[in-house]
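Text of my_file31.txt, listed as compact mmCIF, C-alpha atoms:
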```
# COMPACT_ATOMS: atom_id res chain seq x y z
CA MET A 851 20.79 -3.83 -5.71
CA PHE A 852 22.47 -1.59 -3.11
CA GLN A 853 23.80 1.74 -4.39
CA CYS A 854 26.27 3.74 -2.34
CA ALA A 855 27.04 7.46 -2.37
CA CYS A 856 30.57 6.59 -3.49
CA GLY A 857 29.23 5.03 -6.70
CA TYR A 858 29.46 1.41 -5.58
CA TYR A 859 26.77 -1.07 -6.67
CA GLY A 860 26.50 -4.40 -4.93
CA ASN A 861 26.21 -5.85 -1.46
CA ALA A 862 24.73 -3.58 1.23
CA VAL A 863 27.44 -4.74 3.66
CA HIS A 864 29.66 -2.21 1.88
CA SER A 865 27.86 0.64 3.67
CA LYS A 866 29.26 -0.38 7.06
CA SER A 867 32.81 0.59 6.13
CA CYS A 868 32.23 3.32 3.53
CA ILE A 869 33.06 6.82 4.79
CA LYS A 870 31.17 8.50 1.93
CA TYR A 871 28.04 6.53 2.82
CA HIS A 872 28.21 7.61 6.46
CA ASN A 873 28.85 11.20 5.40
CA GLU A 874 25.76 11.03 3.16
CA VAL A 875 23.66 9.82 6.08
CA LEU A 876 24.97 12.70 8.20
CA ARG A 877 24.27 15.20 5.41
CA ILE A 878 20.65 14.06 5.10
CA LYS A 879 20.18 14.25 8.85
CA VAL A 880 21.61 17.78 9.12
CA ASN A 881 19.73 19.15 6.11
CA ALA A 882 16.39 17.50 6.89
CA GLU A 883 16.43 18.81 10.44
CA SER A 884 15.65 22.33 9.17
CA TYR A 885 12.48 21.42 7.29
CA LEU A 886 11.33 17.98 8.52
CA LYS A 887 8.62 19.30 10.84
CA ASP A 888 7.21 21.61 8.16
CA ILE A 889 6.88 18.92 5.50
CA TYR A 890 5.36 16.52 8.02
CA LEU A 891 2.71 19.05 9.05
CA ASP A 892 2.04 19.68 5.38
CA THR A 893 1.83 16.02 4.28
CA LEU A 894 0.88 14.36 7.59
CA SER A 895 2.67 11.29 6.28
CA ILE A 896 6.06 9.93 7.31
CA SER A 897 6.29 8.02 4.04
CA GLU A 898 5.70 11.22 2.08
CA CYS A 899 8.38 12.95 4.16
CA CYS A 900 10.86 10.26 3.14
CA LYS A 901 10.02 10.66 -0.54
CA ILE A 902 10.28 14.45 -0.43
CA ILE A 903 13.64 14.31 1.37
CA GLN A 904 14.90 11.75 -1.13
CA GLN A 905 14.00 14.04 -4.03
CA LYS A 906 14.96 17.33 -2.37
CA GLU A 907 18.41 16.08 -1.38
CA ASN A 908 18.92 14.11 -4.60
CA THR A 909 20.31 11.22 -2.59
CA VAL A 910 20.93 7.56 -3.44
CA LEU A 911 19.77 6.56 0.03
CA THR A 912 16.67 4.37 -0.08
CA THR A 913 13.32 5.44 1.36
CA SER A 914 13.65 2.84 4.12
CA LYS A 915 17.09 4.17 5.09
CA ILE A 916 15.82 7.75 5.18
CA ARG A 917 13.00 6.62 7.42
CA LYS A 918 15.53 5.12 9.85
CA ILE A 919 17.28 8.49 9.88
CA ILE A 920 14.21 10.65 10.48
CA ASP A 921 12.30 8.34 12.83
CA PRO A 922 14.28 9.40 15.92
CA MET A 923 14.12 13.02 14.74
CA LEU A 924 10.33 12.80 14.53
CA GLN A 925 10.33 11.22 17.98
CA GLU A 926 12.19 14.23 19.39
CA LEU A 927 9.75 16.58 17.66
CA GLY A 928 6.84 14.77 19.30
CA ILE A 929 5.45 13.62 15.94
CA LYS A 930 5.46 9.97 16.97
CA GLN A 931 3.11 10.76 19.84
CA SER A 932 0.81 12.82 17.63
CA LEU A 933 -1.85 10.10 17.38
CA SER A 934 -3.17 11.50 20.64
CA SER A 935 -3.45 14.97 19.11
CA LYS A 936 -7.00 15.78 18.04
CA GLU A 937 -5.72 18.74 16.02
CA LEU A 938 -3.38 16.59 13.91
CA ASN A 939 -6.02 13.89 13.54
CA ALA A 940 -8.46 16.49 12.31
CA LYS A 941 -5.90 17.59 9.71
CA ARG A 942 -5.38 13.98 8.64
CA GLN A 943 -9.10 13.54 8.13
CA GLU A 944 -9.29 16.76 6.10
CA LYS A 945 -6.43 15.53 3.92
CA LEU A 946 -8.14 12.14 3.55
CA GLN A 947 -11.37 13.80 2.42
CA LYS A 948 -9.47 15.93 -0.11
CA THR A 949 -7.63 12.90 -1.49
CA MET A 950 -10.82 10.85 -1.77
CA LEU A 951 -12.56 13.70 -3.60
CA GLU A 952 -9.67 14.11 -6.04
CA ARG A 953 -9.32 10.40 -6.76
CA TYR A 954 -12.89 9.14 -6.58
CA GLY A 955 -15.18 12.16 -6.45
CA VAL A 956 -16.56 11.09 -3.07
CA THR A 957 -15.64 11.36 0.59
CA ASN A 958 -15.05 8.19 2.54
CA ASN A 959 -14.02 9.47 5.94
CA GLY A 960 -13.48 6.94 8.70
CA GLN A 961 -13.01 9.36 11.56
CA LEU A 962 -14.86 8.96 14.83
CA PRO A 963 -17.18 11.68 16.15
CA GLY A 964 -15.25 14.63 17.55
CA GLN A 965 -12.03 13.61 15.74
CA GLY A 966 -11.48 10.94 18.37
CA TRP A 967 -9.76 7.58 18.16
CA SER A 968 -10.91 4.35 19.74
CA ASN A 969 -8.65 2.77 22.36
CA LEU A 970 -7.40 -0.76 21.81
CA ASN A 971 -8.21 -3.17 24.62
CA ASN A 972 -5.28 -4.37 26.71
CA ILE A 973 -6.32 -8.02 27.11
CA GLU A 974 -3.31 -10.19 26.29
CA TYR A 975 -3.56 -13.01 23.77
CA THR A 976 -1.20 -15.31 21.91
CA LYS A 977 -0.35 -14.31 18.36
CA LEU A 978 0.27 -16.99 15.78
CA ASP A 979 3.66 -17.01 14.06
CA LEU A 980 1.73 -18.14 11.00
CA ASP A 981 -0.17 -14.83 10.95
CA ASN A 982 3.06 -12.83 10.98
CA ALA A 983 4.53 -14.88 8.14
CA LEU A 984 1.30 -14.58 6.14
CA ALA A 985 1.21 -10.82 6.70
CA ASP A 986 4.73 -10.46 5.29
CA PHE A 987 3.81 -12.74 2.39
CA LYS A 988 0.71 -10.68 1.57
CA LYS A 989 2.72 -7.47 1.76
CA ASN A 990 5.09 -8.76 -0.93
CA VAL A 991 2.18 -10.07 -3.02
CA ASN A 992 0.40 -6.71 -2.81
CA TYR A 993 3.55 -4.89 -3.90
CA LEU A 994 4.13 -7.14 -6.92
CA THR A 995 0.45 -7.03 -7.84
CA ARG A 996 0.40 -3.24 -7.67
CA LYS A 997 3.46 -3.00 -9.91
CA TYR A 998 1.81 -5.32 -12.44
CA VAL A 999 -1.39 -3.27 -12.46
CA GLU A 1000 0.57 -0.01 -12.82
CA ARG A 1001 2.35 -1.45 -15.83
CA LEU A 1002 -0.91 -2.43 -17.49
CA LYS A 1003 -2.34 1.01 -16.72
CA LYS A 1004 0.62 2.77 -18.34
CA GLN A 1005 0.27 0.54 -21.39
CA GLN A 1006 -3.51 1.19 -21.40
CA LEU A 1007 -4.12 -2.55 -21.26
CA LEU A 1008 -6.44 -2.69 -18.26
CA PRO A 1009 -9.44 -4.93 -19.10
CA THR A 1010 -12.87 -3.36 -19.38
CA GLU A 1011 -14.94 -6.42 -18.41
CA CYS A 1012 -15.11 -8.73 -15.42
CA TYR A 1013 -13.15 -11.94 -16.00
CA TYR A 1014 -15.83 -14.09 -14.35
CA THR A 1015 -19.12 -12.46 -15.35
CA GLY A 1016 -18.30 -10.46 -18.49
CA LEU A 1017 -19.96 -7.36 -17.02
CA THR A 1018 -18.43 -3.96 -17.80
CA PHE A 1019 -16.60 -2.21 -14.98
CA LYS A 1020 -18.10 1.06 -13.79
CA ASP A 1021 -14.58 2.54 -14.03
CA VAL A 1022 -15.02 2.34 -17.80
CA LEU A 1023 -18.45 3.97 -17.78
CA GLN A 1024 -17.76 7.01 -15.61
CA LYS A 1025 -14.84 9.17 -14.45
CA HIS A 1026 -15.30 8.98 -10.67
CA VAL A 1027 -16.19 5.70 -9.00
CA ASN A 1028 -16.76 5.21 -5.29
CA PRO A 1029 -14.02 2.84 -4.01
CA ASN A 1030 -16.76 0.79 -2.33
CA ASP A 1031 -18.81 0.42 -5.52
CA PRO A 1032 -19.56 -3.30 -6.13
CA TYR A 1033 -19.15 -2.75 -9.89
CA LYS A 1034 -15.66 -1.24 -9.56
CA ARG A 1035 -12.66 -2.99 -11.14
CA SER A 1036 -10.60 -5.06 -8.70
CA VAL A 1037 -7.72 -7.53 -8.86
CA ASP A 1038 -8.18 -11.22 -8.11
CA HIS A 1039 -5.65 -14.03 -7.81
CA ARG A 1040 -7.19 -17.07 -9.44
CA ILE A 1041 -5.46 -19.42 -7.02
CA PRO A 1042 -6.04 -17.79 -3.61
CA VAL A 1043 -3.07 -16.16 -1.90
CA ILE A 1044 -3.61 -18.16 1.30
CA GLU A 1045 -3.59 -21.44 -0.63
CA MET A 1046 -0.33 -20.64 -2.41
CA PHE A 1047 1.22 -19.41 0.84
CA LEU A 1048 0.39 -22.65 2.65
CA LYS A 1049 1.73 -24.68 -0.28
CA GLY A 1050 5.07 -22.92 -0.02
CA CYS A 1051 4.82 -20.83 -3.20
CA THR A 1052 6.69 -17.55 -3.57
CA PRO A 1053 5.04 -14.11 -3.98
CA GLU A 1054 6.45 -14.08 -7.52
CA GLU A 1055 4.57 -17.30 -8.30
CA VAL A 1056 1.35 -15.84 -6.88
CA CYS A 1057 1.76 -12.78 -9.09
CA LYS A 1058 2.45 -14.53 -12.36
CA GLU A 1059 0.43 -12.99 -15.18
CA GLU A 1060 -1.68 -16.12 -15.65
CA ASN A 1061 -2.76 -16.02 -11.98
CA ILE A 1062 -3.95 -12.39 -11.99
CA VAL A 1063 -7.32 -11.39 -13.39
CA PHE A 1064 -9.65 -8.41 -13.00
CA CYS A 1065 -13.21 -8.74 -11.78
CA LEU A 1066 -16.03 -6.75 -10.17
CA ARG A 1067 -15.32 -5.78 -6.58
CA ALA A 1068 -18.46 -7.64 -5.48
CA VAL A 1069 -17.46 -10.78 -7.38
CA ASN A 1070 -14.01 -10.63 -5.79
CA THR A 1071 -15.61 -10.48 -2.35
CA TYR A 1072 -17.94 -13.40 -3.04
CA LYS A 1073 -15.18 -15.54 -4.49
CA ALA A 1074 -12.83 -14.99 -1.55
CA ASN A 1075 -10.77 -18.21 -1.19
CA THR A 1076 -13.15 -20.42 -3.16
CA PRO A 1077 -11.44 -22.62 -5.79
CA GLU A 1078 -11.92 -21.06 -9.22
CA GLU A 1079 -13.41 -24.14 -10.92
CA TYR A 1080 -16.12 -24.51 -8.26
CA PHE A 1081 -16.79 -20.76 -8.20
CA VAL A 1082 -17.22 -20.51 -11.98
CA GLU A 1083 -19.42 -23.59 -12.20
CA LYS A 1084 -21.58 -23.26 -9.10
CA ILE A 1085 -21.63 -19.58 -8.13
CA VAL A 1086 -21.05 -17.37 -11.17
CA PRO A 1087 -24.29 -18.33 -13.01
CA TYR A 1088 -26.32 -17.10 -10.03
CA LEU A 1089 -24.21 -13.94 -9.69
CA GLN A 1090 -24.78 -13.07 -13.34
CA GLU A 1091 -28.53 -13.17 -12.73
CA LYS A 1092 -28.35 -11.09 -9.55
CA LEU A 1093 -25.83 -8.51 -10.80
```
Go ahead and render the structure in this file as structure tokens.
Amino acid sequence: MFQCACGYYGNAVHSKSCIKYHNEVLRIKVNAESYLKDIYLDTLSISECCKIIQQKENTVLTTSKIRKIIDPMLQELGIKQSLSSKELNAKRQEKLQKTMLERYGVTNNGQLPGQGWSNLNNIEYTKLDLDNALADFKKNVNYLTRKYVERLKKQQLLPTECYYTGLTFKDVLQKHVNPNDPYKRSVDHRIPVIEMFLKGCTPEEVCKEENIVFCLRAVNTYKANTPEEYFVEKIVPYLQEKL
């Protein structure tokens, strides 16, 4: 539901004619200009910049709206072209290492030697509209799934055993778990996302509680888009022996 600086709740079309809304946008732009570069260099994340500005300015403007405000400002500051900066990339990799150590107790750095970045090839090809639609669908599914998992985590209701094999997650056995560990807890949709997408289901239907289970990361990988009944009957018995 759209919320305006004037106190209005309702349709976002209201913002087009509301003076207080436009004044709020101007206020954010003016205030953020003085510290935007500093918080970007500190966080190295445009998304984090948006969140910090939202909190610092105590504004009702959404994160997406703030991003629309600061994007051109970052462009003028040269931030948008910073992917070619080895210095900034090096800082990003340092921050990534720190985050990985804090969250998982390991480093999982994907940087290239010398802080470099690989160049994409420029050979043209035809993109499928289906891929774009599926990408948007998965984005919504991932968001709803993450919210569901966060709720279970807050309620301390996360399962301790794999839904398919009954094996205990390593997350339960030790504090820090490598994100690539095959015994780590992961989320699986019993009916594959691609199947429900092609059948015309909504992200909400994909993320119904009865369609979300937790299993070993390795099991999740092996299951992929295999129908659950076949996977449980034909594959799981062998996985239980191997794992």
inquiry  = Using all atoms listed in the file for the distances, tell me which of A:Ala985, A:Leu1048, A:Leu886, A:Leu1093 is nearest to Glu926 of chain A.
reply    =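 Between A:Ala985, A:Leu1048, A:Leu886, A:Leu1093, the residue approaching Glu926 of chain A most closely is A:Leu886.
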Might you pull out every residue within 9 Å of Glu1011 of chain A, with all atoms listed in the file counted and same-chain residues fewer than 2 positions away left off, and present them as a CSV table (one decimal) with C-alpha atoms, in the frame of the given file?
```csv
chain,number,residue,atom,x,y,z
A,1009,PRO,CA,-9.4,-4.9,-19.1
A,1013,TYR,CA,-13.2,-11.9,-16.0
A,1014,TYR,CA,-15.8,-14.1,-14.4
A,1015,THR,CA,-19.1,-12.5,-15.4
A,1016,GLY,CA,-18.3,-10.5,-18.5
A,1017,LEU,CA,-20.0,-7.4,-17.0
A,1018,THR,CA,-18.4,-4.0,-17.8
A,1019,PHE,CA,-16.6,-2.2,-15.0
A,1022,VAL,CA,-15.0,2.3,-17.8
A,1035,ARG,CA,-12.7,-3.0,-11.1
A,1064,PHE,CA,-9.6,-8.4,-13.0
A,1065,CYS,CA,-13.2,-8.7,-11.8
A,1066,LEU,CA,-16.0,-6.8,-10.2
```
message = One decimal, in Å: what's the spacing between atom CA of Thr1010 of chain A and atom CA of Gln1024 of chain A?
response =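 Between atom CA of Thr1010 of chain A and atom CA of Gln1024 of chain A the gap works out to 12.1 Å.
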Selected residue, from A:Lys1003, A:Glu1078, A:Val1069, A:Leu924, that lies nearest to Arg1040 of chain A when counting only C-alpha atoms =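 Answer, going by the shortest atom-to-atom distance: A:Glu1078.
Residues lying within 9 Å of Cys900 of chain A, counting all atoms listed in the file and ignoring same-chain neighbours fewer than 4 positions away, are A:Ser895, A:Ile896, A:Gln904, A:Gln905, A:Thr912, A:Thr913, A:Ser914, A:Lys915, A:Ile916, A:Arg917, A:Ile920.
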ask   = Interatomic distance between atom CA of Asp979 of chain A and atom CA of Gly1050 of chain A?
value =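 Between atom CA of Asp979 of chain A and atom CA of Gly1050 of chain A the gap is 15.3 Å.
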task = Kindly indicate which residue among A:Asn1070, A:Lys948, A:Leu1023, A:Leu984 lies nearest to Glu1045 of chain A, using only C-alpha atoms for the distances.
result =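 For Glu1045 of chain A, the nearest of the given residues is A:Leu984.
Interatomic distance, atom CA of Leu927 of chain A to atom CA of Arg877 of chain A: 19.0 Å.
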task = Go through A:Gln925, A:Thr1052, A:Asn1030, A:Asn873 and flag the residue nearest Thr909 of chain A, using all atoms listed in the file for the distances.
result =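 The closest residue to Thr909 of chain A is A:Asn873.
Using only C-alpha atoms, the shortest contact distance between Lys941 of chain A and any of A:Tyr890, A:Ile973, A:Asp1038, A:His1026 is found at A:Tyr890.
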message = Using all atoms listed in the file, which protein or nucleic acid residues come within 12 Å of His872 of chain A? Drop anything in the same chain fewer than 3 positions from it, and give the result as a PyMOL selection string.
response = chain A and resi 854-856+864-869+875-879+911+915+919
